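K.L.:
Below is run14.txt; it holds compact mmCIF, C-alpha atoms.
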# COMPACT_ATOMS: atom_id res chain seq x y z
CA ILE A 206 8.09 -6.25 -6.81
CA ASN A 207 6.06 -4.98 -3.88
CA GLY A 208 7.13 -3.40 -0.59
CA VAL A 209 9.53 -0.79 -1.98
CA ILE A 210 7.37 2.20 -1.06
CA ASP A 211 7.90 3.11 2.58
CA TYR A 212 6.05 5.33 5.03
CA THR A 213 8.33 7.82 6.78
CA GLY A 214 5.56 8.31 9.32
CA THR A 215 2.82 6.21 10.86
CA LEU A 216 -0.91 6.41 10.35
CA ASP A 217 -1.09 8.06 13.78
CA SER A 218 1.31 10.76 12.62
CA CYS A 219 -0.91 11.46 9.64
CA LEU A 220 -3.83 12.05 12.02
CA LEU A 221 -2.14 14.70 14.19
CA GLU A 222 -3.18 17.68 12.08
CA THR A 223 -6.67 16.27 11.70
CA SER A 224 -6.96 15.93 15.47
CA GLU A 225 -6.07 19.60 15.89
CA LEU A 226 -8.72 20.55 13.32
CA LEU A 227 -11.31 18.55 15.24
CA LYS A 228 -10.44 20.21 18.55
CA THR A 229 -10.63 23.69 17.01
CA SER A 230 -13.83 23.12 15.03
CA LEU A 231 -15.77 21.16 17.64
CA GLY A 232 -14.33 22.61 20.82
CA VAL A 233 -13.60 19.11 22.12
CA ASP A 234 -10.75 17.90 24.30
CA ASP A 235 -7.85 15.65 23.35
CA ILE A 236 -9.68 12.50 24.46
CA THR A 237 -12.70 13.14 22.23
CA ALA A 238 -10.56 14.12 19.25
CA SER A 239 -8.48 10.98 19.74
CA SER A 240 -11.64 8.88 19.97
CA ILE A 241 -12.87 10.29 16.64
CA CYS A 242 -9.54 9.47 14.99
CA ASP A 243 -9.51 5.95 16.47
CA LYS A 244 -13.00 5.30 15.15
CA PHE A 245 -11.93 6.48 11.71
CA LYS A 246 -8.92 4.13 11.77
CA ARG A 247 -11.13 1.17 12.65
CA LYS A 248 -13.52 1.98 9.82
CA LEU A 249 -10.58 2.33 7.45
CA PHE A 250 -9.12 -1.05 8.40
CA GLN A 251 -12.53 -2.72 8.10
CA GLU A 252 -13.36 -0.97 4.84
CA THR A 253 -14.82 -2.81 1.88
CA PHE A 254 -15.14 -0.83 -1.31
CA ASP A 255 -17.45 -1.67 -4.20
CA PRO A 256 -16.99 0.73 -7.15
CA SER A 257 -20.27 -0.48 -8.65
CA ALA A 258 -22.14 1.02 -5.67
CA GLY A 259 -21.89 4.47 -7.22
CA ARG A 260 -19.71 6.14 -4.57
CA SER A 261 -16.08 7.09 -5.01
CA ILE A 262 -13.45 6.05 -2.49
CA ASP A 263 -13.23 9.69 -1.41
CA GLU A 264 -16.97 9.80 -0.70
CA VAL A 265 -16.79 6.55 1.27
CA ARG A 266 -13.97 7.86 3.46
CA VAL A 267 -15.61 11.22 4.03
CA GLY A 268 -18.49 9.08 5.28
CA HIS A 269 -16.10 7.32 7.71
CA TRP A 270 -15.19 10.69 9.21
CA GLU A 271 -18.80 11.83 9.36
CA GLU A 272 -19.86 8.67 11.19
CA SER A 273 -16.86 8.83 13.54
CA ILE A 274 -17.59 12.43 14.51
CA LEU A 275 -21.25 11.65 15.13
CA GLU A 276 -20.44 8.58 17.23
CA ALA A 277 -17.90 10.38 19.43
CA ALA A 278 -19.25 13.93 19.56
CA GLY A 279 -22.99 13.26 19.40
CA SER A 280 -25.12 16.38 19.16
CA ARG A 281 -22.03 18.49 18.51
CA CYS A 282 -21.77 16.86 15.10
CA PRO A 283 -21.06 19.63 12.55
CA PRO A 284 -22.14 19.82 8.93
CA HIS A 285 -20.82 17.44 6.31
CA SER A 286 -18.17 20.01 5.38
CA LEU A 287 -16.03 19.29 8.47
CA ALA A 288 -15.93 15.58 7.68
CA SER A 289 -14.76 16.49 4.19
CA GLN A 290 -12.08 18.80 5.60
CA CYS A 291 -10.87 16.05 7.93
CA TYR A 292 -10.64 13.54 5.14
CA TYR A 293 -8.73 15.70 2.69
CA LEU A 294 -6.36 16.95 5.39
CA TRP A 295 -5.67 13.36 6.46
CA LYS A 296 -5.29 12.22 2.86
CA SER A 297 -2.83 14.98 1.90
CA SER A 298 -0.80 14.38 5.05
CA ARG A 299 -0.68 10.65 4.36
CA LEU A 300 0.56 11.14 0.81
CA GLU A 301 3.25 13.52 2.04
CA PHE A 302 4.61 10.77 4.29
CA LEU A 303 5.09 8.39 1.36
CA SER A 304 8.60 8.27 -0.02
CA LEU A 305 11.31 6.25 -1.68
CA SER A 306 14.61 6.58 0.12
CA PRO A 307 17.64 7.62 -1.95
CA GLU A 308 19.09 4.13 -1.38
CA ILE A 309 16.00 2.43 -2.80
CA ARG A 310 15.94 4.80 -5.75
CA ASP A 311 19.55 3.93 -6.52
CA LEU A 312 18.75 0.22 -6.17
CA LEU A 313 15.82 0.42 -8.58
CA ARG A 314 17.90 2.31 -11.15
CA GLU A 315 20.58 -0.35 -10.91
CA LEU A 316 18.11 -3.22 -11.19
CA ARG A 317 16.24 -1.73 -14.12
CA GLY A 318 19.48 -1.57 -16.04
CA ARG A 319 19.69 -5.37 -15.82
CA TYR A 320 16.13 -6.67 -15.39
CA LYS A 321 12.54 -5.98 -16.34
CA LEU A 322 10.75 -4.55 -13.30
CA LEU A 323 7.03 -4.51 -12.60
CA LEU A 324 5.28 -3.05 -9.55
CA LEU A 325 2.20 -5.06 -8.60
CA THR A 326 -0.01 -3.76 -5.81
CA ASN A 327 -3.45 -4.63 -4.50
CA GLY A 328 -5.96 -1.98 -3.56
CA GLU A 329 -8.54 0.47 -4.80
CA ALA A 330 -7.42 1.98 -8.10
CA GLN A 331 -7.61 5.71 -7.31
CA THR A 332 -5.94 5.35 -3.92
CA GLN A 333 -3.04 3.29 -5.23
CA ARG A 334 -2.47 5.47 -8.29
CA GLU A 335 -2.34 8.53 -6.03
CA LYS A 336 0.35 6.84 -3.96
CA VAL A 337 2.37 5.96 -7.05
CA GLU A 338 2.12 9.55 -8.28
CA ALA A 339 3.05 10.98 -4.86
CA VAL A 340 6.17 8.82 -4.69
CA GLY A 341 7.10 9.42 -8.33
CA CYS A 342 8.22 5.86 -8.95
CA ASP A 343 6.97 5.41 -12.53
CA GLU A 344 10.46 5.89 -13.95
CA PHE A 345 11.78 2.81 -12.16
CA PHE A 346 9.32 0.27 -13.57
CA ASP A 347 8.52 -1.13 -16.98
CA ALA A 348 4.91 -1.47 -15.85
CA ILE A 349 2.72 -0.75 -12.82
CA VAL A 350 -0.31 -2.96 -12.19
CA VAL A 351 -2.97 -2.01 -9.64
CA GLY A 352 -5.18 -4.89 -8.58
CA GLY A 353 -8.26 -2.70 -8.20
CA GLU A 354 -8.23 -2.04 -11.93
CA HIS A 355 -8.70 -5.72 -12.73
CA ALA A 356 -11.19 -8.47 -12.02
CA GLU A 357 -8.88 -10.26 -9.56
CA GLN A 358 -6.02 -9.26 -7.28
CA LYS A 359 -3.10 -11.00 -5.59
CA PRO A 360 -2.73 -13.83 -4.76
CA LEU A 361 -4.94 -15.05 -7.61
CA LEU A 362 -3.17 -16.45 -10.63
CA SER A 363 -4.90 -14.30 -13.26
CA ILE A 364 -3.22 -11.06 -12.21
CA PHE A 365 0.21 -12.71 -12.16
CA THR A 366 -0.44 -14.09 -15.64
CA LEU A 367 -1.37 -10.57 -16.75
CA CYS A 368 1.96 -9.29 -15.43
CA PHE A 369 3.96 -12.03 -17.17
CA ASN A 370 2.21 -11.23 -20.43
CA MET A 371 2.81 -7.49 -20.08
CA LEU A 372 6.55 -8.04 -19.68
CA GLN A 373 6.58 -10.86 -22.24
CA VAL A 374 8.30 -13.23 -19.82
CA GLU A 375 7.70 -16.71 -18.44
CA ALA A 376 6.83 -17.30 -14.80
CA ARG A 377 9.87 -19.55 -14.39
CA ASP A 378 12.11 -16.57 -15.23
CA CYS A 379 10.53 -14.24 -12.64
CA VAL A 380 11.22 -13.43 -9.01
CA MET A 381 8.37 -12.20 -6.79
CA VAL A 382 9.47 -9.77 -4.09
CA GLY A 383 7.02 -8.60 -1.44
CA ASP A 384 6.25 -7.99 2.21
CA SER A 385 3.00 -9.98 2.42
CA LEU A 386 3.07 -13.73 2.84
CA ASP A 387 -0.65 -14.03 2.05
CA THR A 388 -0.67 -12.06 -1.20
CA ASP A 389 2.87 -11.61 -2.53
CA ILE A 390 4.58 -14.83 -1.54
CA GLN A 391 1.52 -17.10 -1.82
CA GLY A 392 0.68 -15.56 -5.19
CA GLY A 393 4.21 -16.01 -6.49
CA PHE A 394 4.27 -19.61 -5.25
CA ASP A 395 0.95 -20.41 -6.94
CA ALA A 396 2.12 -18.75 -10.16
CA LYS A 397 5.24 -20.93 -10.10
CA VAL A 398 7.78 -18.15 -10.31
CA ARG A 399 11.46 -19.03 -10.09
CA ALA A 400 11.78 -17.69 -6.55
CA THR A 401 9.87 -15.76 -3.91
CA VAL A 402 11.56 -13.17 -1.69
CA TRP A 403 9.84 -12.07 1.51
CA ILE A 404 10.75 -8.69 2.99
CA SER A 405 10.41 -9.04 6.76
CA SER A 406 12.21 -6.54 8.97
CA ALA A 407 10.90 -8.19 12.14
CA ALA A 408 12.59 -11.52 11.39
CA ALA A 409 9.55 -13.21 12.88
CA ALA A 410 8.85 -16.92 12.59
CA LEU A 411 6.50 -17.99 9.84
CA PRO A 412 2.88 -18.36 11.00
CA ASP A 413 1.53 -21.91 11.15
CA GLY A 414 0.23 -23.02 7.77
CA SER A 415 1.89 -20.16 5.93
CA VAL A 416 3.59 -20.52 2.59
CA THR A 417 7.39 -20.69 2.92
CA PRO A 418 9.32 -18.08 0.91
CA ASP A 419 12.47 -19.16 -0.90
CA TYR A 420 14.36 -16.24 0.63
CA THR A 421 13.73 -13.83 3.50
CA ILE A 422 15.47 -10.46 3.69
CA PRO A 423 15.10 -7.59 6.20
CA THR A 424 14.95 -4.91 3.51
CA VAL A 425 14.63 -4.74 -0.25
CA LEU A 426 18.16 -3.32 -0.29
CA HIS A 427 19.39 -6.92 0.22
CA LEU A 428 17.73 -8.06 -2.99
CA PRO A 429 20.92 -7.91 -5.13
CA ASP A 430 22.47 -10.58 -2.86
CA VAL A 431 19.55 -12.91 -3.61
CA LEU A 432 19.66 -12.22 -7.32
CA GLN A 433 23.38 -12.95 -7.38
CA ARG A 434 22.70 -16.36 -5.80
CA LEU A 435 20.04 -17.08 -8.45
CA ARG A 436 22.31 -16.34 -11.41
Just dump the structure as structure tokens.

P.N.:
Amino acid sequence: INGVIDYTGTLDSCLLETSELLKTSLGVDDITASSICDKFKRKLFQETFDPSAGRSIDEVRVGHWEESILEAAGSRCPPHSLASQCYYLWKSSRLEFLSLSPEIRDLLRELRGRYKLLLLTNGEAQTQREKVEAVGCDEFFDAIVVGGEHAEQKPLLSIFTLCFNMLQVEARDCVMVGDSLDTDIQGGFDAKVRATVWISSAAAALPDGSVTPDYTIPTVLHLPDVLQRLR
């Protein structure tokens, strides 16, 4: 399963407090503070992280803030400490926005009473583990696998095989549920699971050349209907 952890706020919302810190510390206007935050977002989306390089993910992202402040504020660039403050304020705010709704919690409790559940997520290990801890979802899963802790991530077959082995199940008896066609659904298809379920609230048409999910639902709350059809 992937796609059960929801944001109750957007990335922009998480940056509001950081923007205020920038305006106070640098004496800049809204436009400059917004420019710094936009630059940070672009660096975040373009980020590549190599743990063998000797820098932690926290250090890399503090660097994003430092570069963004320098690029937008120029000579007003403050010491490294402000970049660090911006990062940890943004990070704590972002984790606070993560949540499992009561309805999803009830669903997971119900499903775990009948099935083996595994949460499989791509991403850098520390970042993803912090999200899992912030949400407090350990109790709902038999196992949690973070791609960044292994040699390969979704959609590659090896990490799906690892998951099957951890649960002691066969691929043909598994259902892959996720909100990414490229990683979740393609990975499940390649691993030859019994069915793939795509969570797509937008109800958009499939992109050209995309893998076709067996089922499409607007929210994970509709998953029991699919499982009933598969019985």

K.L.:
I'd like to know which of A:Ile309, A:Leu303, A:Asp430, A:Arg266 is closest to Phe345 of chain A, using only C-alpha atoms.

P.N.:
A:Ile309

K.L.:
To one decimal place, how far is atom CA of Gly341 of chain A from atom CA of Gly383 of chain A in Å?

P.N.:
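Computed distance, atom CA of Gly341 of chain A to atom CA of Gly383 of chain A, equals 19.3 Å.
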
K.L.:
Just want the 12 Å neighbourhood of Glu335 of chain A, counted on all atoms listed in the file, with same-chain residues fewer than 2 positions away dropped. Output as a list in words.

P.N.:
Ile262, Asp263, Lys296, Ser297, Arg299, Leu300, Glu301, Leu303, Gly328, Glu329, Ala330, Gln331, Thr332, Gln333, Val337, Glu338, Ala339, Val340, Gly341, Cys342, Asp343 and Val351 of chain A

K.L.:
Keeping C-alpha atoms for every residue in the selection just given, could you write it to a file as a PDB file, in the coordinates of the input?

P.N.:
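Done, and the output landed in out_25.pdb:
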ATOM      1  CA  ILE A 262     -13.450   6.050  -2.490  1.00  0.00           C
ATOM      2  CA  ASP A 263     -13.230   9.690  -1.410  1.00  0.00           C
ATOM      3  CA  LYS A 296      -5.290  12.220   2.860  1.00  0.00           C
ATOM      4  CA  SER A 297      -2.830  14.980   1.900  1.00  0.00           C
ATOM      5  CA  ARG A 299      -0.680  10.650   4.360  1.00  0.00           C
ATOM      6  CA  LEU A 300       0.560  11.140   0.810  1.00  0.00           C
ATOM      7  CA  GLU A 301       3.250  13.520   2.040  1.00  0.00           C
ATOM      8  CA  LEU A 303       5.090   8.390   1.360  1.00  0.00           C
ATOM      9  CA  GLY A 328      -5.960  -1.980  -3.560  1.00  0.00           C
ATOM     10  CA  GLU A 329      -8.540   0.470  -4.800  1.00  0.00           C
ATOM     11  CA  ALA A 330      -7.420   1.980  -8.100  1.00  0.00           C
ATOM     12  CA  GLN A 331      -7.610   5.710  -7.310  1.00  0.00           C
ATOM     13  CA  THR A 332      -5.940   5.350  -3.920  1.00  0.00           C
ATOM     14  CA  GLN A 333      -3.040   3.290  -5.230  1.00  0.00           C
ATOM     15  CA  VAL A 337       2.370   5.960  -7.050  1.00  0.00           C
ATOM     16  CA  GLU A 338       2.120   9.550  -8.280  1.00  0.00           C
ATOM     17  CA  ALA A 339       3.050  10.980  -4.860  1.00  0.00           C
ATOM     18  CA  VAL A 340       6.170   8.820  -4.690  1.00  0.00           C
ATOM     19  CA  GLY A 341       7.100   9.420  -8.330  1.00  0.00           C
ATOM     20  CA  CYS A 342       8.220   5.860  -8.950  1.00  0.00           C
ATOM     21  CA  ASP A 343       6.970   5.410 -12.530  1.00  0.00           C
ATOM     22  CA  VAL A 351      -2.970  -2.010  -9.640  1.00  0.00           C
TER      23      VAL A 351
END

K.L.:
Excluding segment 389-399 of chain A and its own-chain neighbours fewer than 2 positions away, which residues fall within 7 Å of it when counting all atoms listed in the file? Please give them as a ChimeraX atom specification.

P.N.:
/A:359-362,365,376-381,383-387,401,403,416,418

K.L.:
Store the residues picked out above, limited to C-alpha atoms, as a PDB file, in the coordinates of the input.

P.N.:
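The resulting file, again07.pdb, is shown below:
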ATOM      1  CA  LYS A 359      -3.100 -11.000  -5.590  1.00  0.00           C
ATOM      2  CA  PRO A 360      -2.730 -13.830  -4.760  1.00  0.00           C
ATOM      3  CA  LEU A 361      -4.940 -15.050  -7.610  1.00  0.00           C
ATOM      4  CA  LEU A 362      -3.170 -16.450 -10.630  1.00  0.00           C
ATOM      5  CA  PHE A 365       0.210 -12.710 -12.160  1.00  0.00           C
ATOM      6  CA  ALA A 376       6.830 -17.300 -14.800  1.00  0.00           C
ATOM      7  CA  ARG A 377       9.870 -19.550 -14.390  1.00  0.00           C
ATOM      8  CA  ASP A 378      12.110 -16.570 -15.230  1.00  0.00           C
ATOM      9  CA  CYS A 379      10.530 -14.240 -12.640  1.00  0.00           C
ATOM     10  CA  VAL A 380      11.220 -13.430  -9.010  1.00  0.00           C
ATOM     11  CA  MET A 381       8.370 -12.200  -6.790  1.00  0.00           C
ATOM     12  CA  GLY A 383       7.020  -8.600  -1.440  1.00  0.00           C
ATOM     13  CA  ASP A 384       6.250  -7.990   2.210  1.00  0.00           C
ATOM     14  CA  SER A 385       3.000  -9.980   2.420  1.00  0.00           C
ATOM     15  CA  LEU A 386       3.070 -13.730   2.840  1.00  0.00           C
ATOM     16  CA  ASP A 387      -0.650 -14.030   2.050  1.00  0.00           C
ATOM     17  CA  THR A 401       9.870 -15.760  -3.910  1.00  0.00           C
ATOM     18  CA  TRP A 403       9.840 -12.070   1.510  1.00  0.00           C
ATOM     19  CA  VAL A 416       3.590 -20.520   2.590  1.00  0.00           C
ATOM     20  CA  PRO A 418       9.320 -18.080   0.910  1.00  0.00           C
TER      21      PRO A 418
END

K.L.:
Please list as an NGL selection string every residue within 12 Å of Ser286 of chain A, counting only C-alpha atoms and excluding residues in the same chain fewer than 3 positions away.

P.N.:
:A and (230 or 264 or 267-268 or 270-271 or 274 or 282-283 or 289-293)

K.L.:
Report, in Å with one decimal, the straight-line distance from atom CA of Glu308 of chain A to atom CA of Val374 of chain A.

P.N.:
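Atom CA of Glu308 of chain A sits 27.5 Å away from atom CA of Val374 of chain A.
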
K.L.:
Would you kindly return, as JSON, numbers by chain, each protein, DNA or RNA residue with an atom no farther than 10 Å from any atom of Ala348 of chain A, considering only C-alpha atoms and excluding same-chain residues fewer than 2 positions away?

P.N.:
{"A": [321, 322, 323, 324, 325, 343, 344, 345, 346, 350, 368, 371, 372]}

K.L.:
Rounded to one decimal, what separation in Å do you get between atom CA of Ala278 of chain A and atom CA of Phe254 of chain A?

P.N.:
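Between atom CA of Ala278 of chain A and atom CA of Phe254 of chain A the gap works out to 25.9 Å.
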
K.L.:
Under the rule that all atoms listed in the file are counted, which of A:Thr421, A:Ser273, A:Thr326, A:Gln358 is the nearest residue to Lys246 of chain A?

P.N.:
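The answer is A:Ser273, which sits nearest to Lys246 of chain A.
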
K.L.:
With distances taken over all atoms listed in the file, which of A:Leu435, A:Asp347, A:Glu354, A:Thr229 is nearest to Gly318 of chain A?

P.N.:
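Closest to Gly318 of chain A of all the choices is A:Asp347.
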